[in-house]
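Colleague: Please find input_20.cif (mmCIF, C-alpha atoms) on the next line:
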```cif
data_my_file
loop_
_atom_site.label_atom_id
_atom_site.label_comp_id
_atom_site.auth_asym_id
_atom_site.auth_seq_id
_atom_site.Cartn_x
_atom_site.Cartn_y
_atom_site.Cartn_z
CA MET A 1306 -1.85 -25.97 -45.24
CA LYS A 1307 -1.78 -22.36 -44.01
CA ILE A 1308 -4.25 -23.19 -41.27
CA ILE A 1309 -2.13 -26.07 -40.04
CA LEU A 1310 0.95 -23.86 -39.99
CA ILE A 1311 -0.80 -21.19 -37.92
CA ILE A 1312 -1.97 -23.76 -35.39
CA LEU A 1313 1.55 -25.10 -35.06
CA ILE A 1314 2.91 -21.61 -34.42
CA LEU A 1315 0.31 -20.96 -31.74
CA ILE A 1316 1.20 -24.21 -30.00
CA VAL A 1317 4.88 -23.33 -30.03
CA MET A 1318 4.18 -19.76 -28.79
CA ALA A 1319 2.28 -21.09 -25.80
CA ASP A 1320 5.23 -23.24 -24.80
CA TYR A 1321 7.81 -20.48 -24.48
CA GLY A 1322 9.24 -20.22 -21.00
CA PHE A 1323 12.02 -21.20 -18.67
CA ARG A 1324 12.02 -23.70 -15.82
CA ILE A 1325 14.86 -24.98 -13.63
CA SER A 1326 14.11 -27.59 -10.99
CA GLN A 1327 15.83 -28.08 -7.65
CA GLY A 1328 18.54 -30.71 -7.59
CA GLY A 1329 16.90 -34.14 -7.40
CA LYS A 1330 13.57 -33.05 -8.94
CA ASP A 1331 12.45 -33.80 -12.49
CA VAL A 1332 11.90 -30.45 -14.21
CA LYS A 1333 9.19 -31.96 -16.43
CA THR A 1334 7.00 -33.17 -13.57
CA CYS A 1335 7.93 -31.19 -10.44
CA THR A 1336 5.64 -28.55 -8.99
CA ASP A 1337 6.29 -24.84 -9.45
CA LYS A 1338 7.27 -24.69 -5.78
CA GLU A 1339 10.00 -27.26 -6.47
CA CYS A 1340 11.49 -25.08 -9.19
CA VAL A 1341 14.47 -22.88 -8.50
CA ILE A 1342 13.38 -20.57 -11.30
CA THR A 1343 10.33 -20.49 -13.54
CA SER A 1344 9.23 -17.77 -15.91
CA LYS A 1345 5.72 -18.33 -14.56
CA TYR A 1346 6.69 -16.53 -11.33
CA SER A 1347 8.98 -13.57 -10.93
CA ASN A 1348 11.80 -13.30 -8.42
CA LEU A 1349 12.67 -10.32 -6.30
CA LYS A 1350 15.52 -8.67 -8.12
CA GLY A 1351 17.99 -6.75 -5.99
CA SER A 1352 19.35 -3.52 -7.40
CA LEU A 1353 21.22 -1.74 -4.62
CA SER A 1354 22.50 -2.80 -1.24
CA GLY A 1355 24.62 -1.03 1.30
CA GLY A 1356 24.93 0.07 4.86
CA GLY A 1357 26.44 2.51 7.28
CA THR A 1358 26.14 4.05 10.72
CA PHE A 1359 23.68 6.69 11.88
CA PRO A 1360 25.23 9.89 13.21
CA ASP A 1361 24.53 10.44 16.92
CA ILE A 1362 20.81 10.75 17.53
CA LEU A 1363 20.24 13.54 20.04
CA ASN A 1364 17.52 13.27 22.63
CA ASN A 1365 13.99 13.88 21.36
CA THR A 1366 15.08 14.11 17.75
CA THR A 1367 14.66 12.07 14.60
CA ARG A 1368 17.63 11.32 12.37
CA THR A 1369 17.07 10.47 8.73
CA ILE A 1370 19.33 8.61 6.34
CA THR A 1371 18.39 9.28 2.70
CA ILE A 1372 19.49 6.96 -0.08
CA ALA A 1373 18.74 7.81 -3.72
CA HIS A 1374 17.61 4.72 -5.61
CA GLY A 1375 17.65 6.11 -9.15
CA LEU A 1376 14.38 4.45 -10.13
CA SER A 1377 11.48 6.45 -11.47
CA TYR A 1378 8.94 4.56 -9.36
CA ILE A 1379 8.53 3.50 -5.73
CA PRO A 1380 10.57 0.32 -5.22
CA PHE A 1381 10.43 -2.61 -2.81
CA ALA A 1382 13.11 -2.35 -0.10
CA ARG A 1383 14.20 -3.98 3.15
CA VAL A 1384 16.18 -2.44 6.01
CA LEU A 1385 17.77 -3.94 9.11
CA ILE A 1386 19.39 -2.10 12.02
CA ASP A 1387 21.68 -2.99 14.91
CA PRO A 1388 20.07 -0.95 17.74
CA TYR A 1389 22.53 -1.96 20.44
CA GLY A 1390 25.77 -1.87 18.48
CA ILE A 1391 26.47 -5.56 19.01
CA GLU A 1392 26.39 -6.75 15.38
CA ASP A 1393 22.90 -8.09 15.95
CA PHE A 1394 20.47 -6.90 13.28
CA LEU A 1395 16.70 -6.92 13.04
CA GLU A 1396 14.24 -5.83 10.41
CA LEU A 1397 12.35 -2.56 10.67
CA PRO A 1398 9.94 -1.32 11.81
CA TYR A 1399 11.26 -1.59 15.33
CA GLY A 1400 10.44 0.23 18.54
CA GLU A 1401 11.33 0.08 22.18
CA ALA A 1402 9.77 1.76 25.19
CA THR A 1403 11.64 0.95 28.36
CA GLY A 1404 11.32 2.94 31.57
CA SER A 1405 13.71 5.65 30.44
CA ASN A 1406 14.10 5.14 26.71
CA THR A 1407 11.95 5.38 23.62
CA LEU A 1408 13.09 4.48 20.13
CA ASP A 1409 11.10 4.36 16.90
CA ALA A 1410 12.81 3.11 13.74
CA TYR A 1411 11.16 2.67 10.38
CA TYR A 1412 11.77 3.15 6.67
CA TYR A 1413 9.88 4.04 3.57
CA CYS A 1414 10.43 4.81 -0.11
CA ASP A 1415 9.10 7.38 -2.49
CA ALA A 1416 9.85 7.61 -6.20
CA THR A 1417 13.24 9.19 -5.49
CA ASN A 1418 14.71 7.94 -2.23
CA LEU A 1419 14.75 5.35 0.51
CA TYR A 1420 14.41 7.06 3.91
CA ILE A 1421 15.51 5.37 7.14
CA LYS A 1422 14.34 7.22 10.24
CA ILE A 1423 15.12 6.74 13.91
CA TYR A 1424 13.59 8.74 16.73
CA GLN A 1425 15.29 8.71 20.12
CA GLY A 1426 13.78 9.82 23.40
CA ASN A 1427 15.58 9.45 26.71
CA ALA A 1428 14.52 10.52 30.20
CA PHE A 1429 18.11 11.45 31.07
CA GLY A 1430 18.69 13.42 27.88
CA GLU A 1431 21.19 10.94 26.49
CA SER A 1432 22.00 10.57 22.80
CA ARG A 1433 21.96 7.28 20.94
CA VAL A 1434 25.20 6.41 19.20
CA GLY A 1435 26.48 3.79 16.82
CA ILE A 1436 23.33 2.41 15.22
CA ASP A 1437 24.37 0.52 12.10
CA TYR A 1438 21.96 -0.09 9.24
CA LYS A 1439 21.84 -2.30 6.16
CA TYR A 1440 19.51 -1.89 3.22
CA PHE A 1441 18.42 -3.79 0.14
CA ILE A 1442 16.58 -1.99 -2.67
CA PHE A 1443 14.87 -4.07 -5.32
CA ILE A 1444 13.86 -3.43 -8.91
CA ASP A 1445 10.42 -4.72 -7.97
CA LYS A 1446 7.78 -2.17 -7.13
CA GLY A 1447 6.66 -1.15 -3.67
CA LYS A 1448 3.59 0.44 -5.19
CA LEU A 1449 1.97 -0.92 -8.31
CA MET B 889 23.38 -38.30 -12.49
CA GLY B 890 24.19 -36.23 -9.44
CA ASN B 891 26.08 -33.72 -11.52
CA PHE B 892 23.14 -32.39 -13.54
CA GLY B 893 22.20 -28.81 -12.82
CA SER B 894 22.70 -25.24 -13.87
CA ALA B 895 23.75 -21.96 -12.35
CA VAL B 896 24.03 -18.35 -13.46
CA SER B 897 26.18 -15.75 -11.73
CA GLN B 898 25.64 -12.05 -11.44
CA LYS B 899 27.16 -9.86 -14.10
CA GLY B 900 30.89 -9.55 -13.55
CA TYR B 901 31.31 -12.74 -11.53
CA ASP B 902 32.66 -16.07 -12.69
CA VAL B 903 29.95 -18.66 -12.16
CA LYS B 904 32.52 -21.40 -11.55
CA THR B 905 34.33 -19.68 -8.72
CA CYS B 906 32.21 -16.92 -7.21
CA ALA B 907 30.71 -17.16 -3.73
CA ASP B 908 27.15 -18.50 -3.61
CA ARG B 909 25.74 -15.09 -2.80
CA PHE B 910 26.86 -13.78 -6.19
CA LEU B 911 24.71 -16.28 -8.05
CA VAL B 912 21.48 -15.23 -9.75
CA TYR B 913 20.31 -18.80 -9.35
CA SER B 914 21.62 -22.32 -8.96
CA SER B 915 19.73 -25.56 -9.08
CA ALA B 916 21.42 -26.28 -5.75
CA PHE B 917 19.49 -23.49 -4.02
CA GLN B 918 15.86 -22.48 -3.79
CA THR B 919 14.87 -18.89 -4.56
CA LEU B 920 12.02 -16.72 -3.38
CA LYS B 921 9.40 -16.67 -6.13
CA VAL B 922 6.63 -14.08 -6.22
CA PHE B 923 3.27 -15.88 -6.32
CA SER B 924 1.27 -12.68 -6.49
CA VAL B 925 1.65 -8.97 -6.05
CA SER B 926 -1.54 -7.01 -5.68
CA SER B 927 -2.85 -3.58 -4.84
CA VAL B 928 -5.65 -3.54 -2.26
CA THR B 929 -7.53 -0.84 -0.41
CA GLY B 930 -9.69 -0.46 2.66
CA THR B 931 -11.44 2.30 4.58
CA ILE B 932 -10.25 3.59 7.94
CA PRO B 933 -13.10 2.97 10.42
CA ALA B 934 -14.35 5.33 13.11
CA SER B 935 -13.62 2.68 15.74
CA GLY B 936 -12.30 -0.85 15.88
CA SER B 937 -10.82 -2.29 12.68
CA ASN B 938 -11.75 -3.06 9.11
CA THR B 939 -10.20 -6.18 7.62
CA ILE B 940 -9.00 -6.83 4.07
CA THR B 941 -8.88 -10.50 3.04
CA ILE B 942 -6.75 -11.75 0.14
CA THR B 943 -7.53 -15.34 -0.78
CA HIS B 944 -4.61 -17.26 -2.33
CA ASN B 945 -5.53 -20.92 -1.71
CA LEU B 946 -1.88 -21.96 -1.41
CA GLY B 947 -2.77 -24.40 1.34
CA ALA B 948 0.18 -23.48 3.56
CA TYR B 949 1.58 -20.52 5.45
CA ALA B 950 3.25 -18.55 2.68
CA PRO B 951 5.85 -15.83 3.28
CA PHE B 952 4.48 -12.38 2.59
CA VAL B 953 5.17 -8.65 2.82
CA VAL B 954 2.54 -5.97 3.32
CA ILE B 955 3.53 -2.48 2.16
CA GLY B 956 1.47 0.48 3.29
CA ASN B 957 1.09 3.07 0.52
CA GLY B 958 -0.66 5.54 2.81
CA THR B 959 -3.86 7.43 2.13
CA GLY B 960 -2.18 9.27 -0.75
CA ASN B 961 -0.96 6.06 -2.42
CA ASN B 962 2.39 7.77 -2.97
CA VAL B 963 4.87 6.13 -0.56
CA ALA B 964 5.85 2.62 0.50
CA HIS B 965 6.03 1.92 4.24
CA PHE B 966 7.21 -1.63 4.77
CA ASN B 967 5.06 -3.66 7.16
CA SER B 968 3.66 -0.32 8.33
CA TYR B 969 0.60 1.84 7.77
CA GLY B 970 2.84 4.88 8.08
CA PRO B 971 5.57 6.24 10.37
CA ALA B 972 5.87 4.11 13.52
CA LEU B 973 2.58 2.31 12.81
CA PRO B 974 3.35 -1.39 12.31
CA VAL B 975 0.79 -3.21 10.24
CA VAL B 976 -1.41 -5.91 11.79
CA SER B 977 -1.65 -8.87 9.42
CA ARG B 978 -2.30 -12.60 9.66
CA GLN B 979 -1.31 -15.21 7.10
CA TYR B 980 -3.60 -18.25 7.17
CA ALA B 981 -3.12 -21.35 5.03
CA ASN B 982 -5.36 -20.05 2.26
CA SER B 983 -5.73 -16.33 2.86
CA LEU B 984 -4.00 -13.24 4.18
CA GLN B 985 -5.82 -10.74 6.38
CA ILE B 986 -4.78 -7.14 6.91
CA ASP B 987 -6.43 -5.06 9.63
CA ILE B 988 -7.01 -1.34 9.26
CA PRO B 989 -7.43 0.00 12.81
CA SER B 990 -9.11 3.31 13.47
CA TYR B 991 -5.93 4.85 14.92
CA VAL B 992 -4.03 4.85 11.59
CA GLY B 993 -5.77 7.92 10.18
CA THR B 994 -8.91 9.89 9.58
CA SER B 995 -12.11 7.88 9.57
CA GLY B 996 -13.50 7.37 6.09
CA ASN B 997 -10.19 7.82 4.27
CA THR B 998 -8.97 5.07 1.96
CA MET B 999 -5.76 3.26 2.91
CA TYR B 1000 -3.73 1.71 0.07
CA PHE B 1001 -1.52 -1.40 0.25
CA THR B 1002 0.78 -3.38 -2.03
CA VAL B 1003 0.96 -7.02 -0.99
CA TYR B 1004 3.57 -9.61 -1.99
CA ILE B 1005 2.78 -13.28 -1.42
CA PHE B 1006 5.58 -15.72 -2.18
CA LEU B 1007 5.33 -19.19 -3.66
CA ASP B 1008 6.99 -20.99 -0.81
CA ASP B 1009 6.35 -22.56 2.57
CA PHE B 1010 8.48 -23.24 5.62
CA SER B 1011 9.32 -26.87 4.94
CA THR B 1012 12.89 -27.46 6.02
CA ILE B 1013 15.81 -26.69 3.76
CA THR B 1014 19.13 -27.30 5.47
CA GLU B 1015 22.08 -25.10 4.70
CA THR B 1016 24.31 -26.10 1.83
CA ASN B 1017 27.23 -24.25 0.38
CA ILE B 1018 29.19 -24.51 -2.85
CA ASN B 1019 31.51 -21.56 -2.47
CA THR B 1020 31.50 -19.70 0.81
CA GLY B 1021 34.34 -17.28 0.14
CA ILE B 1022 33.85 -13.57 0.26
CA SER B 1023 36.06 -12.87 -2.74
CA SER B 1024 34.18 -11.84 -5.82
CA GLY B 1025 35.52 -14.27 -8.41
CA ALA B 1026 35.29 -11.35 -10.77
CA SER B 1027 35.26 -11.98 -14.50
CA SER B 1028 36.29 -9.56 -17.19
CA THR B 1029 33.76 -10.96 -19.63
CA ASP B 1030 30.22 -9.74 -19.80
CA TYR B 1031 28.09 -12.82 -20.38
CA GLY B 1032 24.64 -12.76 -18.83
CA ILE B 1033 21.10 -14.00 -18.79
CA ARG B 1034 17.76 -12.21 -18.88
CA ILE B 1035 14.37 -13.89 -18.62
CA SER B 1036 11.15 -11.95 -18.97
CA LYS B 1037 7.90 -12.53 -17.15
CA ASP B 1038 5.18 -14.34 -19.03
CA GLY B 1039 3.71 -12.00 -21.64
CA TYR B 1040 6.71 -9.66 -21.97
CA ASP B 1041 9.31 -9.51 -24.73
CA VAL B 1042 12.69 -10.16 -23.12
CA LYS B 1043 14.41 -7.94 -25.70
CA THR B 1044 12.32 -4.86 -24.93
CA CYS B 1045 10.81 -5.28 -21.46
CA THR B 1046 11.93 -3.23 -18.46
CA ASN B 1047 14.07 -4.70 -15.72
CA GLU B 1048 11.04 -4.83 -13.45
CA GLN B 1049 9.28 -7.00 -16.03
CA CYS B 1050 11.98 -9.68 -15.82
CA VAL B 1051 11.77 -12.87 -13.81
CA LEU B 1052 15.50 -12.56 -13.28
CA SER B 1053 18.55 -10.95 -14.80
CA SER B 1054 22.23 -11.40 -14.18
CA SER B 1055 22.39 -7.63 -13.68
CA PHE B 1056 20.73 -7.99 -10.27
CA PHE B 1057 21.14 -10.02 -7.11
CA ASN B 1058 18.52 -12.57 -6.23
CA GLN B 1059 16.98 -13.85 -3.00
CA ILE B 1060 18.71 -17.23 -2.84
CA VAL B 1061 17.60 -19.33 0.11
CA HIS B 1062 20.40 -20.47 2.40
CA LYS B 1063 18.12 -22.36 4.79
CA LYS B 1064 14.54 -22.23 6.03
CA GLY B 1065 12.17 -23.99 8.38
CA ILE B 1066 10.19 -23.77 11.60
CA ALA B 1067 12.19 -23.39 14.82
CA THR B 1068 11.64 -23.49 18.55
CA ALA B 1069 15.24 -22.55 19.33
CA ASP B 1070 17.99 -20.34 17.91
CA VAL B 1071 19.08 -21.26 14.37
CA SER B 1072 22.72 -21.25 13.34
CA HIS B 1073 23.44 -20.25 9.74
CA ASN B 1074 27.26 -20.26 9.74
CA LEU B 1075 27.53 -17.75 6.91
CA GLY B 1076 30.08 -15.62 8.72
CA TYR B 1077 28.21 -12.43 7.83
CA VAL B 1078 24.83 -10.91 8.64
CA PRO B 1079 22.38 -12.18 6.03
CA ASN B 1080 18.99 -10.92 4.92
CA VAL B 1081 16.15 -12.81 6.62
CA LEU B 1082 12.37 -13.12 6.58
CA VAL B 1083 10.93 -14.04 9.97
CA PHE B 1084 7.36 -14.72 11.08
CA VAL B 1085 5.96 -16.12 14.32
CA ARG B 1086 3.07 -18.29 15.42
CA ASP B 1087 1.75 -18.92 18.90
CA THR B 1088 0.30 -22.25 19.96
CA GLY B 1089 -3.38 -22.39 19.11
CA ASP B 1090 -3.14 -19.77 16.37
CA SER B 1091 -3.99 -20.86 12.83
CA TYR B 1092 -1.91 -18.09 11.27
CA ILE B 1093 1.58 -16.63 11.18
CA ARG B 1094 2.28 -12.94 11.68
CA THR B 1095 5.13 -10.53 11.18
CA ILE B 1096 7.33 -9.40 14.03
CA THR B 1097 6.85 -5.73 14.69
CA TYR B 1098 8.24 -3.52 17.39
CA GLU B 1099 9.88 -6.38 19.21
CA PHE B 1100 13.55 -7.21 19.63
CA ASP B 1101 12.91 -10.59 18.05
CA GLY B 1102 14.12 -12.57 15.11
CA ASP B 1103 17.43 -10.73 15.24
CA VAL B 1104 20.39 -12.08 13.33
CA ASP B 1105 24.15 -11.85 13.71
CA VAL B 1106 27.07 -13.31 11.77
CA ASN B 1107 26.33 -16.88 12.89
CA THR B 1108 22.85 -17.13 14.38
CA LEU B 1109 19.21 -16.21 13.85
CA TYR B 1110 17.80 -15.79 17.36
CA LEU B 1111 14.48 -17.22 18.33
CA ALA B 1112 11.62 -14.78 18.27
CA PHE B 1113 9.57 -14.42 21.45
CA SER B 1114 6.80 -16.83 20.51
CA ASP B 1115 6.19 -20.55 20.37
CA TYR B 1116 7.27 -21.05 16.76
CA MET B 1117 9.52 -19.05 14.47
CA TYR B 1118 8.97 -19.44 10.71
CA TYR B 1119 12.11 -18.29 8.99
CA ILE B 1120 13.96 -17.95 5.71
CA ILE B 1121 17.65 -17.07 5.75
CA PHE B 1122 18.98 -15.80 2.43
CA LYS B 1123 22.52 -15.80 1.17
CA ASP B 1124 22.38 -12.02 0.63
CA LYS B 1125 25.03 -9.89 2.22
CA VAL B 1126 25.42 -6.17 2.02
CA LEU B 1127 28.26 -5.67 -0.39
#
```
As structure tokens, what does this structure read like?

Modeller:
Amino acid sequence: MKIILIILILIVMADYGFRISQGGKDVKTCTDKECVITSKYSNLKGSLSGGGTFPDILNNTTRTITIAHGLSYIPFARVLIDPYGIEDFLELPYGEATGSNTLDAYYYCDATNLYIKIYQGNAFGESRVGIDYKYFIFIDKGKL
Amino acid sequence: MGNFGSAVSQKGYDVKTCADRFLVYSSAFQTLKVFSVSSVTGTIPASGSNTITITHNLGAYAPFVVIGNGTGNNVAHFNSYGPALPVVSRQYANSLQIDIPSYVGTSGNTMYFTVYIFLDDFSTITETNINTGISSGASSTDYGIRISKDGYDVKTCTNEQCVLSSSFFNQIVHKKGIATADVSHNLGYVPNVLVFVRDTGDSYIRTITYEFDGDVDVNTLYLAFSDYMYYIIFKDKVL
């Protein structure tokens, strides 16, 4: 009797989990890909998001935006910028090297902060103004 | 029959009235599921490139992110080896390849990477909306949901060990597919996106790096400079 009980418990233990199918799919028979959520696969979990505008970036200098993430490990993050100030965003890293202008934009995280960096170089000594940025910091790790 | 389904909102939002982007999940929308996350290494060569291959056997071009952890394995550069060094990677139907060119550092040093591969493809999902408003639909009650990853106790695991939690926003898919022209999303705000490209004759997709491509504004995701753009537009908006 005890043996049977233990086997039953093991069977039940193995079946724990959570599964939600897409509308129109049978949750009992659909593939994992057709699930909205399944405890078999994690989702990226967003923790912080925000945005702002870089201060003027003087010629031949790098500006850094630093955002504390409050996690004790290096997290996953994503950053987009609007390099031309036209509400048109693209994901970093991004660079441009036209005849007179050089721009390098990238981001990285350590265990304390997210850093967004933009370098501006211009043959006529001009500054770069009005670069907006948006960021998403996730609970998920950027380094295991 | 058409009314079956479930949805969970983020903490502080009323699931019945909040905008779609405040949902943790809904059976009306697909989410981005992590198929695998792995730590891989390779050696910087004296010339040319070394290649790391990760076999996943998914049978389709899967979305992915390669994070460079440097030679010290102590930072996370997204789609980069390091500052201003965009990573060269190719996602095939059954494997992902990451090149380590000689120019990324000192020959013989080990380069570390964290690689996310997502359980998804670029089959078409057209945009659907339940609530498109930008108001929060805030709720004074504190109901919520928390689901742990397989093998973790949901009562004691860390947030990172959860599949999802109503304490955090999720990557809910607004629409996705393969495009040869600009894609309208009609969200009315700039959303988060994942964009890859493929050229005719290539048997892989690659990330866009250092190109003014795959840019997105409040209504449109613009075609990347390539033959095919593989895209996912999320409902995320910077709060």

Colleague: Tell me which residues the PyMOL selection byres ((chain B and resi 908) around 12) grabs here, as a PyMOL selection string.

Modeller: chain B and resi 895-898+901-907+909-918+1015-1025+1057-1062+1075+1122-1125

Colleague: For chain A against chain B, which residues fall within 8 Å using only C-alpha atoms, given as JSON, numbers by chain?

Modeller: {"A": [1322, 1323, 1325, 1326, 1327, 1328, 1329, 1338, 1340, 1341, 1342, 1343, 1344, 1345, 1346, 1347, 1348, 1349, 1350, 1351, 1352, 1354, 1355, 1356, 1379, 1380, 1381, 1382, 1383, 1392, 1393, 1394, 1395, 1396, 1397, 1398, 1399, 1400, 1401, 1409, 1410, 1411, 1412, 1413, 1414, 1415, 1416, 1439, 1440, 1441, 1444, 1445, 1446, 1447, 1448, 1449]}

Colleague: May I ask for the distance between atom CA of Thr1088 of chain B and atom CA of Ala950 of chain B, given in Å to one decimal place?

Modeller: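 Here the two named atoms are 17.9 Å from each other.
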
Colleague: Find the distance between atom CA of Arg1086 of chain B and atom CA of Tyr991 of chain B and write it in Å to one decimal.

Modeller: 24.8 Å

Colleague: Translate the PyMOL selection byres ((chain A and resi 1362-1369) around 10) into a concrete residue list for this structure, as a PyMOL selection string.

Modeller: chain A and resi 1359-1361+1370-1372+1406-1412+1419-1436

Colleague: Keeping C-alpha atoms, export the residues of the selection given above as a compact mmCIF listing (two decimals), in the frame of the given file.

Modeller:
```txt
# COMPACT_ATOMS: atom_id res chain seq x y z
CA PHE A 1359 23.68 6.69 11.88
CA PRO A 1360 25.23 9.89 13.21
CA ASP A 1361 24.53 10.44 16.92
CA ILE A 1370 19.33 8.61 6.34
CA THR A 1371 18.39 9.28 2.70
CA ILE A 1372 19.49 6.96 -0.08
CA ASN A 1406 14.10 5.14 26.71
CA THR A 1407 11.95 5.38 23.62
CA LEU A 1408 13.09 4.48 20.13
CA ASP A 1409 11.10 4.36 16.90
CA ALA A 1410 12.81 3.11 13.74
CA TYR A 1411 11.16 2.67 10.38
CA TYR A 1412 11.77 3.15 6.67
CA LEU A 1419 14.75 5.35 0.51
CA TYR A 1420 14.41 7.06 3.91
CA ILE A 1421 15.51 5.37 7.14
CA LYS A 1422 14.34 7.22 10.24
CA ILE A 1423 15.12 6.74 13.91
CA TYR A 1424 13.59 8.74 16.73
CA GLN A 1425 15.29 8.71 20.12
CA GLY A 1426 13.78 9.82 23.40
CA ASN A 1427 15.58 9.45 26.71
CA ALA A 1428 14.52 10.52 30.20
CA PHE A 1429 18.11 11.45 31.07
CA GLY A 1430 18.69 13.42 27.88
CA GLU A 1431 21.19 10.94 26.49
CA SER A 1432 22.00 10.57 22.80
CA ARG A 1433 21.96 7.28 20.94
CA VAL A 1434 25.20 6.41 19.20
CA GLY A 1435 26.48 3.79 16.82
CA ILE A 1436 23.33 2.41 15.22
```

Colleague: I'd like the interatomic distance between atom CA of Arg1094 of chain B and atom CA of Arg978 of chain B, to a tenth of an Å.

Modeller: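 Atom CA of Arg1094 of chain B sits 5.0 Å away from atom CA of Arg978 of chain B.
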
Colleague: Measuring atom to atom with only C-alpha atoms, identify which of B:Thr1068, B:Ser990, B:Ser1091, B:Thr1012 is nearest to Tyr949 of chain B.

Modeller: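 For Tyr949 of chain B, the nearest of the given residues is B:Ser1091.
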
Colleague: Starting from the shown file, work through the PyMOL selection byres ((chain B and resi 981) around 9) and note down what comes out as a list in words.

Modeller: His944, Asn945, Leu946, Gly947, Ala948, Tyr949, Ala950, Gln979, Tyr980, Asn982, Ser983, Leu984, Ser1091 and Tyr1092 of chain B
